[in-house]
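Worksheet: the structure to be examined is printed underneath.
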Amino acid sequence: MNGLKHLPKNGSVGVVGGGISGLFFTYFLNLKRPDLKITILDKSSSKEKRVGGWIHTHVDTKSNLKLEKGPRTLRGVSPGTSLILQSLIKMNPDVRDHIMYIEKESVANRKFIVDPKDHKKLVQVPPITKESFLKFMKSGASEGFFRSLIYEYFNKSKNVVERDESIYDFMKRRFGNDKLVSNLASALFFGIYATDVKDLSANYCIPRLVNYEKSHGGIFRGLFSKNQPKVKTNGEDVSDFATFLNIDEKSMLEYYNELKKIPLIAFKDGMSTMPNKVRDYLQTIPNISFKFDYDVDRIDVDNNSLTVNNDICFDHVHLSTVSDNFTLNNDRFMEYNKSLGRGTNVLLINVYHPKKNLIHPDIGAFGFLVPKNCHTNLLGCIFDSVIEKNMKNFYNQRLLIDSDSLSNGNYTKMTMMVSYNGKEIKDINKNDCMENAVYKMFENQLGLSKDQVTSLKKDKDLLVEFTFADNSIPIYSPGKGFHSDMKRDIRTILKEDLLKNNNISVGGFKFADGPGMPDVVVESLRAVKRLTE
Ligand SMILES: Cc1cc2nc3c(=O)[nH]c(=O)nc-3n(C[C@H](O)[C@H](O)[C@H](O)COP(=O)(O)OP(=O)(O)OC[C@H]3O[C@@H](n4cnc5c(N)ncnc54)[C@H](O)[C@@H]3O)c2cc1C
């Protein structure tokens with residue numbers, strides 16, 4: 001593909017969306033083609049000029065209380081995390097002061113799930129100590145655990161299933177029953193996608209496991225086989241990032257190998273640090289500008305240029321985000337976008353108490369998730385205060401709480417995630433949520449007594465805030481064209497088609513390998529590579 005055809009010298013590029021995908025796309029494109037004039041179009045208000053999309057750390061200017069209203073951590077093992085951090089450091093070396101991490105051995109790396117047999121119990125999930133393993137084995141979460149694993153190993157698949165199954169159907173078939181998926185695995189997928197495993201495509205979410213069955217007849221057979229299918233390793237990806245960023249490949253690989261050992265990365269002043277630092281850098285570049293209050297709902301393509309909203313013309317447009325009502329003259333794209341429909345609806349409930357620690361040390365952890373068999377719309381809860389109390393700076397190992405006047409140790413901060421799929425915001429009654437979600441969780445999962453909960457109901461210090469993540473993460477259900485072979489996947493087909501026929505590049509939630517921040521940033525880099533190489 002000829003990059004110059006798409007991007008003439010001194011040409012103009014419109015980037016739809018000033019979330020992390022659009023910001024990093026702009027950064028990467030400017031690195032390769034500083035001659036281009038890039039305009040970032042975002043629908044958020046021109047008063048606030050807020051970038052970052054779902055990433056939103058709310059800071060109370062009076063008390064300096066920080067509450068995350070969206071994502072809060074990056075996974076060290078994702079190659080995209082090293083790309084993000086190295087890019088930020090390249091933009092501004094001082095960012096090192098902000099990069100925090102959680103050690104593997106830290107309590108903040110423990111994860112619990114609600115016992116499907118007894119909703120008042122939290123069970124720690126592997127990897128765990130000997131004692132917690134015994135507790136795990138006695139709980140409802142492990143029902144049929146070993147039998148399912150043995151069944152999977154000994155039942156070699158005879159016929160390859162070509163259709164895209166749901167994770168639920170795939171796991172039920174492979175493990176001989178639905179216990180493992182309903183009692184355990186479903187909790188993990190709720191945590192990532194906020195969606196039921198019955199509505200999630202196996203080809204999209206677990207392509208490696210699907211491919212193991214196709215190539216070796218089973219998951220464990222594939223995992224334990226010496227004869228692994230040839231795929232690009234994470235290390236190879238990281239080397240590519242180094243070449244792109246023009247930084248030393250060896251030190252980038254060393255950096256990635258360090259990060260790989262780290263479960264969680266965060267930022268001292270919250271996740272908004274990440275988009276804000278990119279924005280601050282981009283604002284110093286004369287060829288880059290931002291246009292807020294600009295809701296892109298259509299693009300018209302003619303031979304020479306692209307017109308956004310019948311208003312602004314560009315030589316090239318990058319869609320870092322695609323709304324469900326967006327219009328473009330490309331039937332396959334429209335069909336795919338329509339088939340995805342609206343994203344998932346999640347209510348985030350931030351709970352904060354400045355003087356009491358409501359999380360008992362026995363359950364001190366990253367938080368807990370709720371498996372499908374609990375039949376509740378509570379998806380999980382993140383124990384932000386446990387994470388904060390264990391965060392250290394990645395470069396000087398200094399604990400966060402030394403520098404944070406808020407954190408005297410005796411406080412609670414957590415974020416509950418409650419699904420309201422199938423409902424609209426207007427149907428949600430906050431008082432009901434307080435009773436049926438917040439106070440219920442205090443009693444059931446946090447193990448507080450009835451008296452303690454009654455006193456908290458009257459406690460003026462208890463702060464509870466509601467944030468509606470409406471139409472957020474797409475529901476990647478089976479039958480949308482996802483394929484375990486990326487070359488045959490609808491996203492790959494569309495990326496090529498849109499670039500060739502519409503002169504449009506795409507990224508973000510609907511086109512990346514996964515829904516996480518590292519996934520979408522890697523996708524932004526790939527989009528720039530497709531355009532410029
Ligand atoms: C509740 C929640 C928790 C999450 N937690 C994590 C986590 O802990 N770790 C992790 O890695 N990932 C997490 N994610 C995923 C993470 O938020 C996404 O990967 C990331 O925000 C995607 O960035 P984006 O730029 O692609 O899209 P978005 O964040 O959606 O940004 C899109 C931007 O485009 C703008 N926009 C939208 N439509 C239009 C339009 N029509 N015209 C103009 N502008 C438009 C928006 O205003 C926004 O600024 C979470 C997501 C949610 C919803």
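Chain labels follow the order of the structure tokens: the first chain is A, the next B, and so on; residue numbering restarts at 1 in every chain, and ligands are counted from 1 in their shown order.
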
- Message: Taking only C-alpha atoms and all ligand atoms into account, which residues have an atom no farther than 7 Å from ligand 1? I'd like them as an MDAnalysis selection string.
- Response: chainID A and resid 16:22 41:44 51:55 70:75 294:297 320:323 346 348 469 472:473 507:509 515:520

- Message: Neighbouring residues of A:Ile359 were defined as those with any atom within 10 Å, considering only C-alpha atoms; residues of the same chain fewer than 2 positions away were excluded. Please report them as a PyMOL selection string.
- Response: chain A and resi 356-357+361-365+367+383+385-386+411-414+442+445-448

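Nearest residue to A:Arg342, choosing from A:Asp485, A:Asn444, A:Asn421, A:Asn431 and counting only C-alpha atoms: A:Asn421.
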
- Message: Quick one: residues within 12 Å of A:Arg221, only C-alpha atoms, excluding same-chain residues fewer than 3 positions away - as a PyMOL selection string?
- Response: chain A and resi 149-157+174+209-218+224-228

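Using only C-alpha atoms, the contacts of A:Met391 at a cut-off of 8 Å, with sequence neighbours closer than 3 positions omitted, comprise Met100, Tyr101, Ile102, Ile387, Glu388, Leu399, Leu400 and Ile401 of chain A.
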
Can I get the selection written as an mmCIF file, in the first residue's frame, with all heavy atoms?
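Final output, saved to out17.cif:
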data_model
loop_
_atom_site.group_PDB
_atom_site.id
_atom_site.type_symbol
_atom_site.label_atom_id
_atom_site.label_comp_id
_atom_site.auth_asym_id
_atom_site.auth_seq_id
_atom_site.Cartn_x
_atom_site.Cartn_y
_atom_site.Cartn_z
ATOM 1 N N MET A 100 3.470 4.395 38.986
ATOM 2 C CA MET A 100 3.424 3.597 40.212
ATOM 3 C C MET A 100 3.184 2.134 39.841
ATOM 4 O O MET A 100 2.678 1.832 38.763
ATOM 5 C CB MET A 100 2.282 4.070 41.115
ATOM 6 C CG MET A 100 2.199 5.559 41.343
ATOM 7 S SD MET A 100 3.660 6.269 42.116
ATOM 8 C CE MET A 100 3.522 5.681 43.783
ATOM 9 N N TYR A 101 3.502 1.247 40.773
ATOM 10 C CA TYR A 101 3.244 -0.164 40.499
ATOM 11 C C TYR A 101 2.892 -0.916 41.775
ATOM 12 O O TYR A 101 3.094 -0.415 42.886
ATOM 13 C CB TYR A 101 4.450 -0.809 39.809
ATOM 14 C CG TYR A 101 5.586 -1.177 40.745
ATOM 15 C CD1 TYR A 101 5.858 -2.511 41.039
ATOM 16 C CD2 TYR A 101 6.370 -0.190 41.334
ATOM 17 C CE1 TYR A 101 6.898 -2.847 41.897
ATOM 18 C CE2 TYR A 101 7.404 -0.529 42.186
ATOM 19 C CZ TYR A 101 7.665 -1.857 42.467
ATOM 20 O OH TYR A 101 8.679 -2.188 43.320
ATOM 21 N N ILE A 102 2.368 -2.106 41.565
ATOM 22 C CA ILE A 102 2.041 -3.014 42.669
ATOM 23 C C ILE A 102 2.926 -4.241 42.505
ATOM 24 O O ILE A 102 3.014 -4.801 41.412
ATOM 25 C CB ILE A 102 0.548 -3.447 42.560
ATOM 26 C CG1 ILE A 102 -0.384 -2.274 42.832
ATOM 27 C CG2 ILE A 102 0.221 -4.614 43.470
ATOM 28 C CD1 ILE A 102 -0.339 -1.759 44.233
ATOM 29 N N ILE A 387 -5.162 -0.754 47.019
ATOM 30 C CA ILE A 387 -4.187 -0.569 45.926
ATOM 31 C C ILE A 387 -3.301 0.640 46.246
ATOM 32 O O ILE A 387 -2.067 0.546 46.207
ATOM 33 C CB ILE A 387 -4.911 -0.373 44.567
ATOM 34 C CG1 ILE A 387 -5.788 -1.590 44.247
ATOM 35 C CG2 ILE A 387 -3.904 -0.125 43.443
ATOM 36 C CD1 ILE A 387 -6.678 -1.436 43.026
ATOM 37 N N GLU A 388 -3.933 1.756 46.623
ATOM 38 C CA GLU A 388 -3.161 2.980 46.893
ATOM 39 C C GLU A 388 -2.154 2.784 48.024
ATOM 40 O O GLU A 388 -1.029 3.256 47.957
ATOM 41 C CB GLU A 388 -4.112 4.119 47.270
ATOM 42 C CG GLU A 388 -4.870 4.671 46.086
ATOM 43 C CD GLU A 388 -5.886 5.737 46.464
ATOM 44 O OE1 GLU A 388 -6.043 6.040 47.663
ATOM 45 O OE2 GLU A 388 -6.531 6.260 45.549
ATOM 46 N N LEU A 399 6.810 4.644 48.498
ATOM 47 C CA LEU A 399 5.371 4.371 48.613
ATOM 48 C C LEU A 399 4.556 5.626 48.333
ATOM 49 O O LEU A 399 4.952 6.728 48.719
ATOM 50 C CB LEU A 399 5.043 3.889 50.028
ATOM 51 C CG LEU A 399 5.303 2.411 50.324
ATOM 52 C CD1 LEU A 399 5.326 2.172 51.821
ATOM 53 C CD2 LEU A 399 4.245 1.527 49.667
ATOM 54 N N LEU A 400 3.397 5.467 47.733
ATOM 55 C CA LEU A 400 2.540 6.610 47.407
ATOM 56 C C LEU A 400 2.065 7.322 48.664
ATOM 57 O O LEU A 400 2.009 8.540 48.715
ATOM 58 C CB LEU A 400 1.323 6.126 46.607
ATOM 59 C CG LEU A 400 0.218 7.149 46.379
ATOM 60 C CD1 LEU A 400 0.637 8.136 45.300
ATOM 61 C CD2 LEU A 400 -1.085 6.495 45.984
ATOM 62 N N ILE A 401 1.718 6.559 49.708
ATOM 63 C CA ILE A 401 1.097 7.188 50.876
ATOM 64 C C ILE A 401 2.023 8.161 51.596
ATOM 65 O O ILE A 401 1.568 9.021 52.298
ATOM 66 C CB ILE A 401 0.488 6.180 51.880
ATOM 67 C CG1 ILE A 401 1.477 5.100 52.225
ATOM 68 C CG2 ILE A 401 -0.803 5.601 51.376
ATOM 69 C CD1 ILE A 401 0.994 4.220 53.379
#

- Among stretch 176-287 of chain A, which ones does DSSP place in helix (DSSP H, G or I), written as an MDAnalysis selection string? chainID A and resid 179:193 197:199 202:205 207:216 219:224 234:245 249:260 273:282

- Test item: residues at most 8 Å from stretch 278-282 of chain A, only C-alpha atoms, excluding those fewer than 4 positions along its chain, as a ChimeraX atom specification: /A:23-24,27,51,88,91-92,274,288

Output C-alpha atoms of each residue in that selection to a file, as a PDB file, in the first residue's frame.
ATOM      1  CA  LEU A  23      -4.270  10.976  21.208  1.00  0.00           C
ATOM      2  CA  PHE A  24      -1.712   8.213  20.713  1.00  0.00           C
ATOM      3  CA  TYR A  27       1.429  11.253  18.572  1.00  0.00           C
ATOM      4  CA  VAL A  51      -9.508  14.540  26.733  1.00  0.00           C
ATOM      5  CA  LEU A  88       5.057   9.062  27.686  1.00  0.00           C
ATOM      6  CA  MET A  91       7.247  13.038  25.469  1.00  0.00           C
ATOM      7  CA  ASN A  92       8.165  14.121  28.983  1.00  0.00           C
ATOM      8  CA  MET A 274      -1.911   9.527  30.841  1.00  0.00           C
ATOM      9  CA  ILE A 288      -1.611  19.777  15.780  1.00  0.00           C
TER      10      ILE A 288
END

Quick one: residues within 7 Å of A:His316, only C-alpha atoms counted, chain neighbours fewer than 3 positions away excluded, as a CSV table (one decimal) with N, CA, C and O atoms, in the first residue's frame?
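That gives us result.csv:
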chain,number,residue,atom,x,y,z
A,6,HIS,N,-2.2,8.1,0.4
A,6,HIS,CA,-3.2,8.5,1.5
A,6,HIS,C,-2.9,9.7,2.2
A,6,HIS,O,-3.7,10.4,2.7
A,7,LEU,N,-1.6,10.0,2.3
A,7,LEU,CA,-1.1,11.1,3.0
A,7,LEU,C,-0.2,12.0,2.2
A,7,LEU,O,1.0,11.9,2.3
A,12,SER,N,-3.8,17.1,5.2
A,12,SER,CA,-4.5,17.3,6.4
A,12,SER,C,-5.2,16.0,6.9
A,12,SER,O,-5.6,15.2,6.1
A,13,VAL,N,-5.1,15.8,8.2
A,13,VAL,CA,-5.7,14.6,8.8
A,13,VAL,C,-6.6,14.9,9.9
A,13,VAL,O,-6.3,15.8,10.8
A,14,GLY,N,-7.8,14.4,9.8
A,14,GLY,CA,-8.8,14.6,10.9
A,14,GLY,C,-8.8,13.3,11.8
A,14,GLY,O,-8.8,12.2,11.3
A,306,LEU,N,-12.2,13.9,1.9
A,306,LEU,CA,-13.2,13.4,2.8
A,306,LEU,C,-13.9,14.5,3.5
A,306,LEU,O,-13.2,15.4,4.0
A,503,ASN,N,-10.2,5.6,2.1
A,503,ASN,CA,-9.1,6.5,2.6
A,503,ASN,C,-9.3,6.8,4.1
A,503,ASN,O,-9.0,7.9,4.5
A,504,ILE,N,-9.8,5.9,4.8
A,504,ILE,CA,-10.1,6.1,6.3
A,504,ILE,C,-9.4,5.0,7.1
A,504,ILE,O,-9.4,3.8,6.7

- Task: Write out as a VMD selection string all residues of stretch 157-356 of chain A that DSSP puts in strand (DSSP E) for this structure's backbone.
- Result: chain A and resid 264 to 267 288 to 291 298 to 301 306 to 308 312 to 314 316 to 319 327 to 328 346 to 353

- Residues within 8 Å of A:Gln124, only C-alpha atoms, excluding chain neighbours under 5 positions, as a list of chain:residue names: A:Arg110, A:Lys111, A:Phe112, A:Ile113, A:Ser132, A:Phe133, A:Phe136
